[in-house]
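K.L.:
My structure is in upload18.txt, and what it holds is compact mmCIF, C-alpha atoms and all ligand atoms:
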```txt
# COMPACT_ATOMS: atom_id res chain seq x y z
CA MET A 1 53.87 46.19 -12.79
CA LYS A 2 53.81 48.90 -10.14
CA VAL A 3 53.89 52.37 -11.67
CA LEU A 4 54.57 55.46 -9.58
CA VAL A 5 52.75 58.49 -10.96
CA LEU A 6 54.38 61.77 -9.93
CA ASN A 7 53.04 65.28 -10.31
CA CYS A 8 55.60 67.78 -9.00
CA GLY A 9 54.54 71.40 -8.59
CA SER A 10 56.35 74.41 -7.14
CA SER A 11 55.52 73.56 -3.53
CA SER A 12 53.80 70.19 -3.73
CA ALA A 13 54.32 66.66 -5.00
CA LYS A 14 51.26 64.50 -5.65
CA PHE A 15 51.69 60.79 -6.19
CA GLN A 16 49.85 57.56 -6.84
CA LEU A 17 51.08 53.98 -7.05
CA ILE A 18 49.15 51.97 -9.63
CA GLU A 19 49.29 48.24 -10.28
CA THR A 20 48.85 47.79 -14.01
CA SER A 21 50.01 45.96 -17.13
CA LEU A 22 49.08 45.74 -20.82
CA GLU A 23 46.51 43.02 -19.97
CA ALA A 24 45.11 45.03 -17.06
CA ILE A 25 44.69 48.06 -19.33
CA LYS A 26 42.69 45.89 -21.76
CA ASP A 27 40.42 44.29 -19.19
CA GLY A 28 40.23 47.33 -16.88
CA SER A 29 41.66 45.49 -13.88
CA GLU A 30 44.26 48.11 -12.88
CA ARG A 31 44.31 48.99 -9.18
CA ARG A 32 45.31 52.11 -7.34
CA LEU A 33 47.52 50.91 -4.48
CA ALA A 34 48.32 54.28 -2.95
CA LYS A 35 47.52 57.93 -3.26
CA GLY A 36 49.15 60.86 -1.49
CA VAL A 37 50.55 64.34 -1.50
CA ILE A 38 53.32 66.35 0.10
CA GLU A 39 52.29 69.97 0.46
CA LYS A 40 54.13 73.12 1.49
CA ILE A 41 57.56 71.84 0.41
CA GLY A 42 60.25 74.19 1.73
CA GLU A 43 58.37 74.93 4.96
CA GLU A 44 58.74 73.72 8.53
CA THR A 45 55.13 72.56 8.54
CA SER A 46 55.04 70.59 5.34
CA ILE A 47 52.04 68.24 5.26
CA GLN A 48 52.49 64.62 4.15
CA ARG A 49 49.41 62.54 3.44
CA MET A 50 48.97 59.06 2.05
CA GLN A 51 46.36 56.35 1.88
CA CYS A 52 47.18 52.85 0.72
CA GLU A 53 44.71 50.17 -0.37
CA GLY A 54 43.19 48.54 2.71
CA LYS A 55 45.14 50.73 5.16
CA GLU A 56 44.31 53.65 7.41
CA PRO A 57 45.20 57.07 5.95
CA VAL A 58 48.31 58.74 7.41
CA LYS A 59 49.06 62.41 7.89
CA LYS A 60 52.31 63.87 9.18
CA VAL A 61 53.48 67.43 9.57
CA GLY A 62 57.18 68.31 9.62
CA PRO A 63 59.96 70.03 7.71
CA ILE A 64 60.50 69.00 4.08
CA PRO A 65 63.18 71.45 2.92
CA ASN A 66 63.20 70.65 -0.80
CA HIS A 67 61.83 68.48 -3.61
CA SER A 68 64.62 65.96 -3.20
CA GLN A 69 63.56 65.34 0.38
CA ALA A 70 59.91 65.25 -0.72
CA ILE A 71 60.43 62.43 -3.22
CA GLN A 72 62.67 60.56 -0.79
CA THR A 73 59.85 60.86 1.78
CA ILE A 74 57.28 59.55 -0.74
CA LEU A 75 59.42 56.44 -1.32
CA GLU A 76 59.82 55.94 2.43
CA MET A 77 56.08 56.37 3.04
CA LEU A 78 55.25 53.80 0.35
CA ALA A 79 57.66 51.31 1.96
CA ASP A 80 56.50 52.04 5.52
CA SER A 81 55.83 48.74 7.29
CA GLU A 82 52.62 49.97 8.97
CA HIS A 83 50.94 52.31 6.48
CA GLY A 84 52.80 51.55 3.24
CA ILE A 85 52.14 49.05 0.46
CA ILE A 86 55.55 47.94 -0.84
CA GLU A 87 58.51 46.30 0.88
CA ASP A 88 61.16 48.15 -1.06
CA LYS A 89 61.39 50.92 -3.65
CA SER A 90 62.89 48.38 -6.10
CA GLU A 91 59.31 47.11 -6.60
CA ILE A 92 58.53 50.30 -8.53
CA ALA A 93 58.88 49.17 -12.13
CA ALA A 94 58.43 52.56 -13.82
CA VAL A 95 57.61 56.20 -13.07
CA GLY A 96 55.15 58.35 -15.03
CA HIS A 97 55.65 62.10 -14.73
CA ARG A 98 53.01 64.69 -15.43
CA VAL A 99 54.61 67.45 -17.50
CA VAL A 100 52.54 70.56 -18.18
CA HIS A 101 54.03 71.74 -21.48
CA GLY A 102 55.33 69.67 -24.36
CA GLY A 103 55.12 72.51 -26.89
CA GLU A 104 55.16 71.28 -30.48
CA ASN A 105 57.92 68.82 -29.58
CA PHE A 106 55.61 66.18 -28.14
CA THR A 107 52.46 64.76 -29.70
CA HIS A 108 52.29 61.91 -27.20
CA SER A 109 53.95 60.52 -24.08
CA CYS A 110 57.63 59.59 -24.21
CA LEU A 111 60.14 57.41 -22.44
CA ILE A 112 62.60 59.98 -21.07
CA THR A 113 66.04 59.77 -22.64
CA GLU A 114 68.75 62.44 -22.68
CA ASP A 115 67.38 63.59 -26.03
CA VAL A 116 63.80 63.80 -24.72
CA LEU A 117 65.01 65.63 -21.61
CA ALA A 118 66.73 68.23 -23.78
CA LYS A 119 63.48 68.74 -25.73
CA MET A 120 61.53 69.01 -22.45
CA LYS A 121 63.95 71.74 -21.35
CA GLU A 122 63.36 73.59 -24.62
CA CYS A 123 59.70 73.93 -23.54
CA ILE A 124 60.55 75.68 -20.24
CA PRO A 125 60.04 79.22 -21.65
CA LEU A 126 56.47 78.21 -22.55
CA ALA A 127 55.64 77.17 -18.96
CA PRO A 128 58.28 78.73 -16.71
CA LEU A 129 56.19 78.22 -13.57
CA HIS A 130 55.49 74.53 -14.15
CA ASN A 131 57.95 72.68 -16.39
CA PRO A 132 61.06 73.30 -14.24
CA HIS A 133 59.37 71.56 -11.28
CA ASN A 134 58.13 68.67 -13.42
CA ILE A 135 61.66 68.21 -14.77
CA LYS A 136 63.20 68.51 -11.34
CA GLY A 137 60.85 65.75 -10.14
CA TYR A 138 62.15 63.52 -12.90
CA GLU A 139 65.82 64.27 -12.18
CA ILE A 140 65.42 63.54 -8.48
CA ALA A 141 63.41 60.34 -9.04
CA ARG A 142 66.02 59.14 -11.53
CA GLU A 143 68.71 59.64 -8.94
CA LEU A 144 66.77 57.82 -6.24
CA LEU A 145 65.48 54.92 -8.35
CA GLY A 146 68.54 53.81 -10.31
CA LYS A 147 67.72 52.19 -13.64
CA THR A 148 63.90 52.42 -13.39
CA PRO A 149 62.42 53.78 -16.66
CA HIS A 150 60.70 57.18 -16.57
CA VAL A 151 57.98 58.42 -18.89
CA ALA A 152 56.81 62.01 -19.49
CA VAL A 153 53.08 62.56 -20.07
CA PHE A 154 52.29 66.03 -21.40
CA ASP A 155 49.16 68.11 -20.70
CA THR A 156 49.43 69.61 -24.18
CA ALA A 157 50.08 66.46 -26.24
CA PHE A 158 46.48 65.38 -26.94
CA HIS A 159 45.73 68.79 -28.45
CA GLN A 160 48.54 68.59 -31.00
CA THR A 161 46.10 67.27 -33.64
CA MET A 162 44.44 70.71 -33.92
CA PRO A 163 44.58 72.24 -37.41
CA PRO A 164 46.33 75.62 -37.90
CA SER A 165 42.95 77.31 -38.31
CA SER A 166 42.33 76.51 -34.63
CA TYR A 167 45.78 77.10 -33.20
CA ILE A 168 47.07 80.17 -35.06
CA TYR A 169 46.18 83.51 -33.49
CA ALA A 170 45.38 86.45 -35.73
CA LEU A 171 48.67 88.16 -34.84
CA PRO A 172 51.66 88.76 -37.12
CA TYR A 173 52.51 85.26 -38.36
CA GLU A 174 56.16 85.59 -37.19
CA TYR A 175 54.92 85.54 -33.61
CA TYR A 176 54.09 81.90 -34.23
CA THR A 177 57.18 80.93 -36.22
CA GLU A 178 59.68 82.90 -34.16
CA LYS A 179 58.21 82.99 -30.66
CA GLY A 180 56.02 79.88 -30.59
CA ILE A 181 52.89 81.94 -29.81
CA ARG A 182 49.93 79.70 -30.72
CA ARG A 183 47.12 77.80 -29.04
CA TYR A 184 48.50 74.73 -27.25
CA GLY A 185 45.62 73.75 -24.97
CA PHE A 186 45.93 72.05 -21.57
CA HIS A 187 44.17 69.36 -19.47
CA GLY A 188 44.88 67.06 -22.45
CA THR A 189 45.29 63.98 -20.27
CA SER A 190 41.83 64.51 -18.82
CA HIS A 191 40.15 65.26 -22.17
CA ARG A 192 41.77 62.14 -23.62
CA TYR A 193 40.68 59.98 -20.69
CA VAL A 194 37.08 61.17 -20.97
CA ALA A 195 36.86 60.75 -24.76
CA ARG A 196 38.36 57.24 -24.61
CA ARG A 197 36.26 56.26 -21.62
CA VAL A 198 33.07 57.18 -23.47
CA ALA A 199 34.24 55.08 -26.44
CA ARG A 200 34.91 52.18 -24.11
CA ILE A 201 31.81 52.18 -21.92
CA TYR A 202 29.37 52.92 -24.74
CA ASN A 203 31.21 50.56 -27.06
CA ILE A 204 31.85 52.86 -30.00
CA PRO A 205 35.12 52.89 -31.97
CA LYS A 206 36.88 56.14 -31.08
CA ASP A 207 37.09 57.26 -34.71
CA LYS A 208 33.34 56.89 -35.21
CA PHE A 209 31.98 59.69 -33.03
CA ASN A 210 32.36 63.35 -32.11
CA ILE A 211 32.49 64.40 -28.50
CA ILE A 212 32.77 67.66 -26.58
CA THR A 213 34.63 67.13 -23.31
CA VAL A 214 33.94 69.72 -20.62
CA HIS A 215 36.59 69.71 -17.88
CA ILE A 216 35.41 72.11 -15.18
CA GLY A 217 37.28 72.20 -11.87
CA ASN A 218 39.25 75.13 -10.48
CA GLY A 219 40.85 75.30 -13.90
CA ALA A 220 38.38 74.78 -16.73
CA SER A 221 38.66 73.91 -20.39
CA ILE A 222 36.59 72.36 -23.13
CA ALA A 223 37.69 70.36 -26.16
CA ALA A 224 36.12 69.36 -29.48
CA VAL A 225 37.23 65.81 -30.24
CA LYS A 226 36.27 64.77 -33.76
CA LYS A 227 36.70 61.06 -34.54
CA GLY A 228 39.32 60.71 -31.83
CA ASN A 229 41.30 63.87 -32.65
CA VAL A 230 41.12 67.25 -30.95
CA ILE A 231 40.16 69.92 -33.48
CA ASP A 232 39.82 72.79 -31.02
CA THR A 233 40.13 73.58 -27.34
CA SER A 234 39.43 76.61 -25.20
CA MET A 235 42.74 77.09 -23.35
CA GLY A 236 45.34 78.75 -25.51
CA PHE A 237 48.96 79.85 -25.36
CA THR A 238 48.49 79.60 -21.59
CA PRO A 239 45.73 78.14 -19.38
CA LEU A 240 44.20 81.62 -19.00
CA GLU A 241 42.08 81.65 -22.15
CA GLY A 242 38.60 80.24 -22.64
CA LEU A 243 36.06 79.37 -19.98
CA VAL A 244 35.49 81.33 -16.77
CA MET A 245 37.50 79.60 -14.02
CA GLY A 246 37.80 79.74 -10.23
CA THR A 247 40.13 82.74 -10.24
CA ARG A 248 41.03 83.09 -13.95
CA CYS A 249 39.14 85.37 -16.31
CA GLY A 250 39.07 83.23 -19.46
CA ASP A 251 38.20 85.10 -22.68
CA ILE A 252 38.27 88.88 -22.44
CA ASP A 253 38.82 91.70 -24.90
CA PRO A 254 42.63 92.12 -25.01
CA ALA A 255 42.17 95.90 -25.23
CA ILE A 256 41.10 95.79 -21.56
CA LEU A 257 44.72 95.03 -20.71
CA MET A 258 45.97 98.13 -22.52
CA PHE A 259 43.25 100.18 -20.83
CA LEU A 260 44.33 98.99 -17.38
CA LEU A 261 48.02 99.41 -18.16
CA SER A 262 47.64 102.98 -19.31
CA ASN A 263 44.67 104.32 -17.37
CA ASP A 264 45.22 102.57 -14.05
CA ASN A 265 49.03 102.70 -14.11
CA MET A 266 49.18 98.98 -13.53
CA ASP A 267 52.30 97.01 -14.34
CA ALA A 268 52.45 93.64 -16.06
CA ASN A 269 52.92 91.75 -12.78
CA SER A 270 49.88 93.15 -11.05
CA LEU A 271 47.83 92.67 -14.20
CA ASN A 272 48.95 89.05 -14.37
CA LYS A 273 47.92 88.56 -10.76
CA ILE A 274 44.49 90.08 -11.36
CA LEU A 275 43.77 87.99 -14.45
CA ASN A 276 45.02 84.73 -12.91
CA LYS A 277 44.22 85.03 -9.21
CA LYS A 278 41.52 87.65 -8.69
CA SER A 279 39.15 87.16 -11.59
CA GLY A 280 36.80 84.37 -12.65
CA LEU A 281 34.18 83.18 -10.16
CA LEU A 282 36.02 84.93 -7.33
CA GLY A 283 36.27 88.24 -9.17
CA ILE A 284 32.62 88.34 -10.23
CA SER A 285 31.13 87.14 -6.96
CA GLY A 286 33.57 88.87 -4.59
CA ILE A 287 33.02 85.91 -2.26
CA SER A 288 34.76 82.76 -3.36
CA ASN A 289 36.29 80.75 -6.19
CA ASP A 290 34.66 77.60 -4.85
CA MET A 291 31.50 76.51 -6.66
CA ARG A 292 29.99 74.89 -3.56
CA SER A 293 30.23 78.17 -1.63
CA LEU A 294 28.75 80.09 -4.56
CA GLU A 295 25.83 77.69 -4.94
CA LYS A 296 25.07 78.09 -1.24
CA ALA A 297 25.37 81.89 -1.41
CA ALA A 298 23.17 82.06 -4.53
CA ASP A 299 20.62 79.90 -2.80
CA GLU A 300 20.59 82.38 0.08
CA GLY A 301 19.88 85.20 -2.34
CA ASN A 302 23.34 86.58 -3.10
CA GLU A 303 22.94 88.20 -6.53
CA ARG A 304 26.61 88.35 -7.45
CA ALA A 305 27.10 84.68 -6.63
CA ARG A 306 24.15 83.92 -8.91
CA LEU A 307 25.61 86.13 -11.63
CA ALA A 308 29.00 84.38 -11.35
CA ILE A 309 27.33 80.98 -11.83
CA ASP A 310 25.24 82.30 -14.74
CA ILE A 311 28.27 83.71 -16.55
CA PHE A 312 30.26 80.51 -15.89
CA CYS A 313 27.49 78.35 -17.40
CA TYR A 314 26.69 80.69 -20.28
CA ARG A 315 30.34 80.58 -21.41
CA ILE A 316 30.26 76.78 -21.36
CA ARG A 317 27.03 76.69 -23.39
CA LYS A 318 28.44 79.14 -25.91
CA TYR A 319 31.53 76.99 -26.45
CA ILE A 320 29.46 73.82 -26.72
CA GLY A 321 27.34 75.43 -29.45
CA SER A 322 30.34 76.61 -31.42
CA TYR A 323 32.21 73.30 -31.12
CA ALA A 324 29.13 71.34 -32.21
CA VAL A 325 29.07 73.40 -35.39
CA ALA A 326 32.88 73.34 -35.79
CA MET A 327 32.78 69.52 -35.78
CA GLY A 328 29.78 69.32 -38.10
CA GLY A 329 27.72 67.68 -35.36
CA VAL A 330 28.26 66.12 -31.96
CA HIS A 331 27.20 62.75 -30.50
CA TYR A 332 28.30 63.05 -26.86
CA ILE A 333 28.88 65.94 -24.44
CA ALA A 334 30.76 64.75 -21.35
CA PHE A 335 31.22 66.68 -18.09
CA THR A 336 34.17 66.02 -15.81
CA ALA A 337 36.33 67.35 -12.90
CA GLY A 338 35.15 68.77 -9.54
CA ILE A 339 32.32 70.95 -10.86
CA GLY A 340 31.45 68.92 -13.97
CA GLU A 341 31.11 65.71 -11.99
CA ASN A 342 29.38 67.09 -8.93
CA SER A 343 27.41 70.24 -9.62
CA ILE A 344 23.80 69.49 -10.58
CA ILE A 345 23.10 73.20 -11.03
CA VAL A 346 26.05 73.90 -13.31
CA ARG A 347 25.23 70.95 -15.59
CA GLU A 348 21.59 72.04 -15.67
CA LYS A 349 22.35 75.65 -16.52
CA SER A 350 25.09 74.76 -19.02
CA CYS A 351 22.77 72.39 -20.88
CA ASP A 352 19.77 74.71 -20.79
CA GLY A 353 19.08 75.61 -24.41
CA LEU A 354 21.11 72.81 -25.94
CA GLU A 355 17.88 71.43 -27.41
CA ALA A 356 18.90 73.65 -30.33
CA ILE A 357 21.67 71.16 -31.12
CA GLY A 358 19.66 68.06 -30.18
CA ALA A 359 20.77 67.61 -26.55
CA ILE A 360 17.90 67.32 -24.08
CA ILE A 361 18.61 67.11 -20.38
CA ASP A 362 16.68 64.70 -18.12
CA HIS A 363 16.53 66.53 -14.80
CA ASP A 364 16.02 63.42 -12.65
CA LYS A 365 18.94 61.64 -14.27
CA ASN A 366 21.05 64.78 -13.88
CA GLU A 367 20.56 64.48 -10.11
CA GLU A 368 21.16 60.71 -10.11
CA THR A 369 24.42 60.81 -12.09
CA SER A 370 26.06 63.39 -9.85
CA GLY A 371 29.52 62.16 -8.86
CA LYS A 372 29.28 59.03 -10.96
CA GLU A 373 29.57 57.79 -14.49
CA GLY A 374 26.32 57.91 -16.45
CA ILE A 375 24.06 59.50 -19.03
CA PHE A 376 21.76 62.35 -18.01
CA SER A 377 20.00 63.14 -21.28
CA THR A 378 16.51 61.90 -22.15
CA GLU A 379 16.03 58.57 -23.99
CA ASP A 380 15.14 60.39 -27.21
CA SER A 381 17.91 62.99 -27.00
CA LYS A 382 19.92 62.82 -30.22
CA VAL A 383 23.05 64.02 -28.45
CA LYS A 384 23.95 62.14 -25.26
CA LEU A 385 24.89 64.16 -22.18
CA CYS A 386 27.04 62.32 -19.66
CA VAL A 387 29.19 62.55 -16.54
CA ILE A 388 32.61 60.87 -16.70
CA PRO A 389 34.72 61.25 -13.54
CA THR A 390 38.24 61.98 -14.78
CA ASN A 391 41.28 59.89 -13.90
CA GLU A 392 44.44 61.55 -15.15
CA GLU A 393 46.74 59.40 -13.03
CA MET A 394 45.39 56.24 -14.66
CA VAL A 395 46.14 57.68 -18.11
CA ILE A 396 49.68 58.52 -16.99
CA ALA A 397 50.10 54.97 -15.68
CA HIS A 398 48.74 53.52 -18.98
CA ASP A 399 51.08 55.63 -21.07
CA THR A 400 53.97 54.67 -18.84
CA VAL A 401 53.28 50.95 -19.33
CA GLU A 402 52.83 51.34 -23.08
CA SER A 403 56.00 53.43 -23.41
CA VAL A 404 58.03 50.98 -21.35
CA GLU A 405 56.66 48.06 -23.41
CA GLY A 406 57.65 49.89 -26.59
CA LEU A 407 54.10 50.48 -27.84
CA LEU A 408 54.43 54.27 -27.68
CA ARG A 409 57.48 55.69 -29.35
CA CYS A 410 58.65 59.29 -29.54
CA LYS A 411 58.92 60.71 -32.99
P1 LIG B 501 41.30 71.34 -9.57
O1 LIG B 501 41.26 72.07 -10.88
O2 LIG B 501 41.97 72.10 -8.46
O3 LIG B 501 41.73 69.89 -9.68
P2 LIG B 501 38.72 70.15 -8.92
O4 LIG B 501 38.56 69.36 -10.16
O5 LIG B 501 39.01 69.44 -7.66
O6 LIG B 501 39.78 71.32 -9.12
O7 LIG B 501 37.38 71.02 -8.74
C1 LIG B 501 37.24 71.94 -7.69
C2 LIG B 501 35.89 72.61 -7.85
O8 LIG B 501 34.86 71.60 -7.81
C3 LIG B 501 35.57 73.61 -6.75
O9 LIG B 501 34.99 74.79 -7.30
C4 LIG B 501 34.52 72.87 -5.92
O10 LIG B 501 33.63 73.76 -5.29
C5 LIG B 501 33.80 72.10 -7.00
N1 LIG B 501 32.99 71.02 -6.42
C6 LIG B 501 33.40 69.91 -5.80
N2 LIG B 501 32.33 69.20 -5.32
C7 LIG B 501 31.21 69.92 -5.66
C8 LIG B 501 29.81 69.74 -5.46
N3 LIG B 501 29.33 68.69 -4.82
N4 LIG B 501 28.99 70.67 -5.97
C9 LIG B 501 29.46 71.75 -6.63
N5 LIG B 501 30.77 71.98 -6.85
C10 LIG B 501 31.65 71.07 -6.37
```
Please express what this file holds, its structure, as structure tokens.
P.N.:
Amino acid sequence: MKVLVLNCGSSSAKFQLIETSLEAIKDGSERRLAKGVIEKIGEETSIQRMQCEGKEPVKKVGPIPNHSQAIQTILEMLADSEHGIIEDKSEIAAVGHRVVHGGENFTHSCLITEDVLAKMKECIPLAPLHNPHNIKGYEIARELLGKTPHVAVFDTAFHQTMPPSSYIYALPYEYYTEKGIRRYGFHGTSHRYVARRVARIYNIPKDKFNIITVHIGNGASIAAVKKGNVIDTSMGFTPLEGLVMGTRCGDIDPAILMFLLSNDNMDANSLNKILNKKSGLLGISGISNDMRSLEKAADEGNERARLAIDIFCYRIRKYIGSYAVAMGGVHYIAFTAGIGENSIIVREKSCDGLEAIGAIIDHDKNEETSGKEGIFSTEDSKVKLCVIPTNEEMVIAHDTVESVEGLLRCK
């Protein structure tokens, strides 16, 4: 069946069309038929891009006033006689929606019913910048696609197996029970893909090994997956906690916030902007949030770029060490996303010193595996280091098929 995967943000809508089925999931024969994005929704110069299997890529610029028009345009692009890949939107058998926050309501993906939609809306206060757009995407697609089933796939769901000792903050307990303040974790679809992919390609039952999955792109998070279940992850109540990110600070002493609020007369909004948009790699280096630019600058002798990379990698190493102990041992450490898949230097620096937990990097293999699936530890390394390019859209398509076929049911 053809599954449309939709990821609606505040000003963009990313999409993929994937040909898949229960059999294709088993034998790995799914195919991506199309991939595209509509950017700058609401502007006169909205950019529309798409590439379909075996076709030339297309790019158009023009007004897309709202999300409704954006999704309508996606359906028209897919059915375009020259650049598209379907004859009619009725060929779309199901739609999988990426939804950022499922709170404690969702432990896995769900076929969207009125009841599920109401529970998705309950999660809006937890992700006010993301969930409303994800939900809007669903409501528009439902209107445009008639009776086609829709499935919600939550970024938080995979982390719902964490025990309270990992997800409860040391705040007054009522903040959890009354306000829902706890660790939720994000990037769950990616962490799940990577953990399952390792099980599949190295032929190990998923409940027979422990893995640390290191998702490092612009956003970055790390998860400890013990025998198939997440027991801890670095992002918390929001995606701000944990690792150093492109523009986000990750872990800091919370008293710094009070210091800035009182001593610098900052208000909550400007503080929020600094922690989310002006910190991380960008804040430390003062140059860029982009790892490629920082690697180049460091190579040319820029000390703050070098420091930013060092801090970024040190934080990763520190988390790996603590998660290895938290799980009582680790068998695989897998790197994914833009930096994890492609940066030889970041993998090298993050793994430097991991001999202490039995992970020994092979520097030649580290160079060879860049950008592709493979192991980059030495033959005799007890813990295997590997690169697993992530594929969140494929997970969304899988869950959509399984939900539609009744294999995944909401509780
Ligand atoms: P997002 O979280 O936006 O999806 P990505 O997963 O695309 O982010 O990762 C973007 C990051 O990956 C950027 O910092 C970029 O510099 C980095 N990156 C991509 N390719 C390379 C490369 N070859 N070497 C180092 N860093 C890279």
K.L.:
Compute the set of protein, DNA and RNA residues whose minimum atom distance to ligand LIG 501 (chain B) is at most 9 Å, using all atoms listed in the file, and state it as a PyMOL selection string.
P.N.:
chain A and resi 215-220+245-246+281+288-295+336-346+370-371+390
K.L.:
May I have the residues within 7 Å of Thr189 of chain A as number ranges by chain, using only C-alpha atoms and disregarding those fewer than 4 positions away in the same chain?
P.N.:
A: 155, 158, 193, 392, 395
K.L.:
Could you take the residues named above and write them with C-alpha atoms, as a PDB file, in the coordinates of the input?
P.N.:
```pdb
ATOM      1  CA  ASP A 155      49.160  68.110 -20.700  1.00  0.00           C
ATOM      2  CA  PHE A 158      46.480  65.380 -26.940  1.00  0.00           C
ATOM      3  CA  TYR A 193      40.680  59.980 -20.690  1.00  0.00           C
ATOM      4  CA  GLU A 392      44.440  61.550 -15.150  1.00  0.00           C
ATOM      5  CA  VAL A 395      46.140  57.680 -18.110  1.00  0.00           C
TER       6      VAL A 395
END
```
K.L.:
Go ahead and compute the interatomic distance for atom CA of Lys278 of chain A and atom CA of Arg192 of chain A, in Å to one decimal.
P.N.:
29.6 Å
K.L.:
Counting only C-alpha atoms, what is within 6 Å of Ser234 of chain A, bar same-chain residues fewer than 4 positions away, as number ranges by chain?
P.N.:
A: 221-222, 242
K.L.:
Generate a file of the selected residues that holds C-alpha atoms, formatted as a tab-separated table (two decimals), in the coordinates of the input.
P.N.:
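Writing the result to selection-v2.tsv gives the following:
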```tsv
chain	number	residue	atom	x	y	z
A	221	SER	CA	38.66	73.91	-20.39
A	222	ILE	CA	36.59	72.36	-23.13
A	242	GLY	CA	38.60	80.24	-22.64
```
K.L.:
Between atom CA of Ile38 of chain A and atom CA of Gly250 of chain A, what is the distance, to one decimal in Å?
P.N.:
29.5 Å
K.L.:
I need the residue nearest His398 of chain A from this list: A:Cys410, A:Ile25, A:Leu145, A:Ile361. Use only C-alpha atoms for the distance.
P.N.:
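Closest to His398 of chain A of all the choices is A:Ile25.
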K.L.:
Out of A:Tyr323, A:Tyr138, A:Phe312, A:Tyr169, which residue has the shortest atom-to-atom distance to Asn210 of chain A when counting only C-alpha atoms?
P.N.:
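Counting only C-alpha atoms, the residue closest to Asn210 of chain A is A:Tyr323.
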K.L.:
Using all atoms listed in the file, determine which residues lie at most 10 Å from Thr369 of chain A, disregarding the query and same-chain residues fewer than 3 positions distant; provide the list as a ChimeraX atom specification.
P.N.:
/A:341-342,344,364-366,372-376,386-388
K.L.:
Any idea what's packed within 7 Å of Met162 of chain A, counting all atoms listed in the file, ignoring anything in its chain fewer than 3 positions away? Could you give it as a count of residues only?
P.N.:
6
K.L.:
Kindly give the distance, in Å, that separates atom CA of Leu126 of chain A and atom CA of Phe106 of chain A, rounded to a single decimal.
P.N.:
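Here the two named atoms are 13.3 Å from each other.
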K.L.:
Using the file's own x, y and z axes, what box holds all listed atoms of segment 68-72 of chain A with 4 Å on each side, keeping edges along x, y and z, and what are its centre and edge lengths in Å to one decimal, as JSON?
P.N.:
```
{"center_x": 62.3, "center_y": 63.3, "center_z": -1.4, "size_x": 12.7, "size_y": 13.4, "size_z": 11.6}
```
K.L.:
So, counting only C-alpha atoms, which residue among A:Leu144, A:Cys123, A:Leu385, A:Ile201 is closest to Gly180 of chain A?
P.N.:
A:Cys123
K.L.:
Please, can segment 38-50 of chain A be completed to N, CA and C atoms and returned as a PDB file, in the frame of the given file?
P.N.:
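The result, written out as result.pdb:
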```
ATOM      1  N   ILE A  38      52.506  65.581  -0.851  1.00  0.00           N
ATOM      2  CA  ILE A  38      53.320  66.350   0.100  1.00  0.00           C
ATOM      3  C   ILE A  38      53.099  67.811  -0.248  1.00  0.00           C
ATOM      4  N   GLU A  39      52.599  68.555   0.701  1.00  0.00           N
ATOM      5  CA  GLU A  39      52.290  69.970   0.460  1.00  0.00           C
ATOM      6  C   GLU A  39      53.244  70.859   1.240  1.00  0.00           C
ATOM      7  N   LYS A  40      53.309  72.102   0.819  1.00  0.00           N
ATOM      8  CA  LYS A  40      54.130  73.120   1.490  1.00  0.00           C
ATOM      9  C   LYS A  40      55.599  72.695   1.586  1.00  0.00           C
ATOM     10  N   ILE A  41      56.133  72.189   0.454  1.00  0.00           N
ATOM     11  CA  ILE A  41      57.560  71.840   0.410  1.00  0.00           C
ATOM     12  C   ILE A  41      58.364  73.116   0.627  1.00  0.00           C
ATOM     13  N   GLY A  42      59.415  73.008   1.450  1.00  0.00           N
ATOM     14  CA  GLY A  42      60.250  74.190   1.730  1.00  0.00           C
ATOM     15  C   GLY A  42      59.860  74.846   3.054  1.00  0.00           C
ATOM     16  N   GLU A  43      58.794  74.316   3.700  1.00  0.00           N
ATOM     17  CA  GLU A  43      58.370  74.930   4.960  1.00  0.00           C
ATOM     18  C   GLU A  43      58.588  73.967   6.130  1.00  0.00           C
ATOM     19  N   GLU A  44      58.573  74.539   7.322  1.00  0.00           N
ATOM     20  CA  GLU A  44      58.740  73.720   8.530  1.00  0.00           C
ATOM     21  C   GLU A  44      57.533  72.823   8.764  1.00  0.00           C
ATOM     22  N   THR A  45      56.366  73.303   8.269  1.00  0.00           N
ATOM     23  CA  THR A  45      55.130  72.560   8.540  1.00  0.00           C
ATOM     24  C   THR A  45      54.588  71.912   7.274  1.00  0.00           C
ATOM     25  N   SER A  46      55.470  71.296   6.539  1.00  0.00           N
ATOM     26  CA  SER A  46      55.040  70.590   5.340  1.00  0.00           C
ATOM     27  C   SER A  46      54.093  69.445   5.732  1.00  0.00           C
ATOM     28  N   ILE A  47      53.033  69.269   4.924  1.00  0.00           N
ATOM     29  CA  ILE A  47      52.040  68.240   5.260  1.00  0.00           C
ATOM     30  C   ILE A  47      52.241  67.036   4.341  1.00  0.00           C
ATOM     31  N   GLN A  48      52.304  65.855   4.921  1.00  0.00           N
ATOM     32  CA  GLN A  48      52.490  64.620   4.150  1.00  0.00           C
ATOM     33  C   GLN A  48      51.298  63.709   4.388  1.00  0.00           C
ATOM     34  N   ARG A  49      50.598  63.401   3.306  1.00  0.00           N
ATOM     35  CA  ARG A  49      49.410  62.540   3.440  1.00  0.00           C
ATOM     36  C   ARG A  49      49.530  61.355   2.507  1.00  0.00           C
ATOM     37  N   MET A  50      49.006  60.219   2.938  1.00  0.00           N
ATOM     38  CA  MET A  50      48.970  59.060   2.050  1.00  0.00           C
ATOM     39  C   MET A  50      47.878  58.090   2.507  1.00  0.00           C
TER      40      MET A  50
END
```
